[in-house]
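Undergrad: Provided herewith is a single structure, encoded as structure tokens, for subsequent inquiry.
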Amino acid sequence: MQSLFIEKEIKYIGSQLSPHWIYKNFHILGDAIVSFIGEMDVKITEMVDIEDVITDSPIYSKKMVSFIIEQFGMSLSECVVRQRFLICIIIEELRKILGDRYKIRRSGDDIFVNIDGKDKKLSVSIATKSTTSALIHTGLNIDPEGAPIDACGLSTDLGITNVEEFAKNVMRRYIEEDTEILEATCKVRGV
């Protein structure tokens, strides 16, 4: 599995969550995780989460760090499990930086941070399946200005200024876990 932090700013509009987007745009063939920073503005017409469509809940953030993962040969159920462990990796990396200054919790695929006694949403995430691959998008607010919900940001609220380094650490950890999962399946005998 390969990774790339994309230096140029990219506005995430939802269409990037498509098969071979990473390969077509960054020439990384096969399983990959990429990350980039930019505004997020996902209209209802680009929504993958049908619940968000039904409740007419578009997604917006002034500035967000996004992770897109594409993996081949994976079921939708396995993709959702991978999405959840990506969220757990993100929480572990946040706790390394922040210590116990904030109460951070996961609810499904969402991350909430308790700030001044109030839970604020830090993330958005979706896992889906294309005809050829499994796809995950997870975004973390850097500056949640304009978000339609009560949200917080890595920089504006939590004081994390080196978001690129944070993103690279998350991607490295995801690849390590992916490699260890493969190794674990290869080293055991059937019973």
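Chain labels follow the order of the structure tokens: the first chain is A, the next B, and so on; residue numbering restarts at 1 in every chain, and ligands are counted from 1 in their shown order.
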Per residue of segment 13-90 of chain A within 8 Å of segment 169-185 of chain A, which atom pair is closest and at what distance in Å (one decimal), using only C-alpha atoms, listed by chain and increasing number, as a tab-separated table?

TA:
residue	atom	partner	partner_atom	distance
A:Ile33	CA	A:Met171	CA	6.6
A:Val34	CA	A:Met171	CA	7.6
A:Ser35	CA	A:Met171	CA	7.9
A:Leu86	CA	A:Tyr174	CA	6.5
A:Ile89	CA	A:Val170	CA	6.5
A:Ile90	CA	A:Val170	CA	6.2

Undergrad: If you keep C-alpha atoms, can you produce a file of those selected residues as a tab-separated table (two decimals), in the first residue's frame?

TA:
chain	number	residue	atom	x	y	z
A	33	ILE	CA	-4.14	6.36	0.98
A	34	VAL	CA	-3.76	10.04	0.16
A	35	SER	CA	-4.29	13.19	2.17
A	86	LEU	CA	-8.83	4.65	10.61
A	89	ILE	CA	-5.86	5.64	14.58
A	90	ILE	CA	-6.81	9.32	14.26

Undergrad: I want to know what sits within 8 Å of segment 101-108 of chain A, based on only C-alpha atoms, with residues of the same chain fewer than 4 positions away left out; could you give that as JSON, numbers by chain?

TA: {"A": [84, 87, 88, 91, 112, 113, 114, 115]}

Undergrad: Go through A:Glu46, A:Asp143, A:Glu78, A:Asp100 and flag the residue nearest Ala127 of chain A, using only C-alpha atoms for the distances.

TA: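 Checking each candidate against Ala127 of chain A, we get A:Glu78 as the closest.
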
Undergrad: Quick check for you: according to DSSP on this backbone, which residues of segment 30-190 of chain A are classed as strand (DSSP E)? Reply as a PyMOL selection string.

TA: chain A and resi 32-42+59-71+103-107+110-115+118-121+123-129+134-143

Undergrad: Give me, as a ChimeraX atom specification, all polymer residues having an atom no more than 8 Å from segment 69-73 of chain A, counting only C-alpha atoms and skipping those fewer than 6 positions away in the same chain.

TA: /A:19-20,22,30-34,132-137

Undergrad: Go ahead and save the residues from that selection, with N, CA and C atoms, as a PDB file, in the first residue's frame.

TA:
ATOM      1  N   PRO A  19     -13.735   5.448  -8.037  1.00  0.00           N
ATOM      2  CA  PRO A  19     -12.684   4.482  -8.338  1.00  0.00           C
ATOM      3  C   PRO A  19     -11.593   5.090  -9.216  1.00  0.00           C
ATOM      4  N   HIS A  20     -10.373   4.770  -8.860  1.00  0.00           N
ATOM      5  CA  HIS A  20      -9.171   5.174  -9.602  1.00  0.00           C
ATOM      6  C   HIS A  20      -8.900   6.683  -9.591  1.00  0.00           C
ATOM      7  N   ILE A  22      -7.303   8.305  -7.338  1.00  0.00           N
ATOM      8  CA  ILE A  22      -5.904   8.430  -6.917  1.00  0.00           C
ATOM      9  C   ILE A  22      -4.978   8.083  -8.085  1.00  0.00           C
ATOM     10  N   GLY A  30      -3.078   0.738  -7.472  1.00  0.00           N
ATOM     11  CA  GLY A  30      -3.306  -0.239  -6.413  1.00  0.00           C
ATOM     12  C   GLY A  30      -3.779   0.412  -5.127  1.00  0.00           C
ATOM     13  N   ASP A  31      -3.680  -0.363  -4.042  1.00  0.00           N
ATOM     14  CA  ASP A  31      -4.133   0.124  -2.736  1.00  0.00           C
ATOM     15  C   ASP A  31      -3.357   1.373  -2.341  1.00  0.00           C
ATOM     16  N   ALA A  32      -4.088   2.402  -1.906  1.00  0.00           N
ATOM     17  CA  ALA A  32      -3.427   3.666  -1.578  1.00  0.00           C
ATOM     18  C   ALA A  32      -4.243   4.472  -0.581  1.00  0.00           C
ATOM     19  N   ILE A  33      -3.525   5.353   0.122  1.00  0.00           N
ATOM     20  CA  ILE A  33      -4.143   6.361   0.984  1.00  0.00           C
ATOM     21  C   ILE A  33      -3.470   7.679   0.656  1.00  0.00           C
ATOM     22  N   VAL A  34      -4.289   8.706   0.409  1.00  0.00           N
ATOM     23  CA  VAL A  34      -3.758  10.042   0.159  1.00  0.00           C
ATOM     24  C   VAL A  34      -4.416  11.022   1.114  1.00  0.00           C
ATOM     25  N   THR A 132     -15.135  -1.671  -8.657  1.00  0.00           N
ATOM     26  CA  THR A 132     -13.790  -2.253  -8.668  1.00  0.00           C
ATOM     27  C   THR A 132     -13.058  -2.210  -7.334  1.00  0.00           C
ATOM     28  N   SER A 133     -13.511  -1.384  -6.398  1.00  0.00           N
ATOM     29  CA  SER A 133     -12.737  -1.179  -5.174  1.00  0.00           C
ATOM     30  C   SER A 133     -13.613  -0.729  -4.024  1.00  0.00           C
ATOM     31  N   ALA A 134     -12.993  -0.707  -2.845  1.00  0.00           N
ATOM     32  CA  ALA A 134     -13.611  -0.143  -1.646  1.00  0.00           C
ATOM     33  C   ALA A 134     -13.007   1.238  -1.432  1.00  0.00           C
ATOM     34  N   LEU A 135     -13.835   2.189  -1.019  1.00  0.00           N
ATOM     35  CA  LEU A 135     -13.408   3.587  -0.902  1.00  0.00           C
ATOM     36  C   LEU A 135     -13.800   4.154   0.453  1.00  0.00           C
ATOM     37  N   ILE A 136     -12.895   4.937   1.038  1.00  0.00           N
ATOM     38  CA  ILE A 136     -13.155   5.622   2.305  1.00  0.00           C
ATOM     39  C   ILE A 136     -12.757   7.080   2.142  1.00  0.00           C
ATOM     40  N   HIS A 137     -13.600   7.968   2.630  1.00  0.00           N
ATOM     41  CA  HIS A 137     -13.204   9.369   2.798  1.00  0.00           C
ATOM     42  C   HIS A 137     -13.426   9.734   4.253  1.00  0.00           C
TER      43      HIS A 137
END

Undergrad: So which one's closest to Asn141 of chain A, A:Lys120, A:Lys63, A:Lys129, A:Lys11? Using only C-alpha atoms, please.

TA: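 Using only C-alpha atoms, the shortest distance to Asn141 of chain A belongs to A:Lys63.
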
Undergrad: Ranking A:Ser123, A:Thr45, A:Ser75, A:Gln16 by minimum distance to Ile149 of chain A and counting only C-alpha atoms, which one comes first?

TA: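 Looking at the shortest contact to Ile149 of chain A, the residue is A:Ser123.
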
Undergrad: Quick check, in Å to one decimal: how far apart do atom CA of Glu93 of chain A and atom CA of Val81 of chain A lie?

TA: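 Straight-line distance from atom CA of Glu93 of chain A to atom CA of Val81 of chain A works out to 18.5 Å.
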
Undergrad: May I have the residues within 10 Å of Phe36 of chain A as a list in words, using only C-alpha atoms and disregarding those fewer than 2 positions away in the same chain?

TA: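 Here the answer would be Leu4, Phe5, Ile6, Glu7, Lys8, Glu9, Ile10, Lys11, Tyr12, Val34, Gly38, Met64, Val65, Ser66, Phe67, Ile68, Gly139, Val163, Glu164 and Ala167 of chain A.
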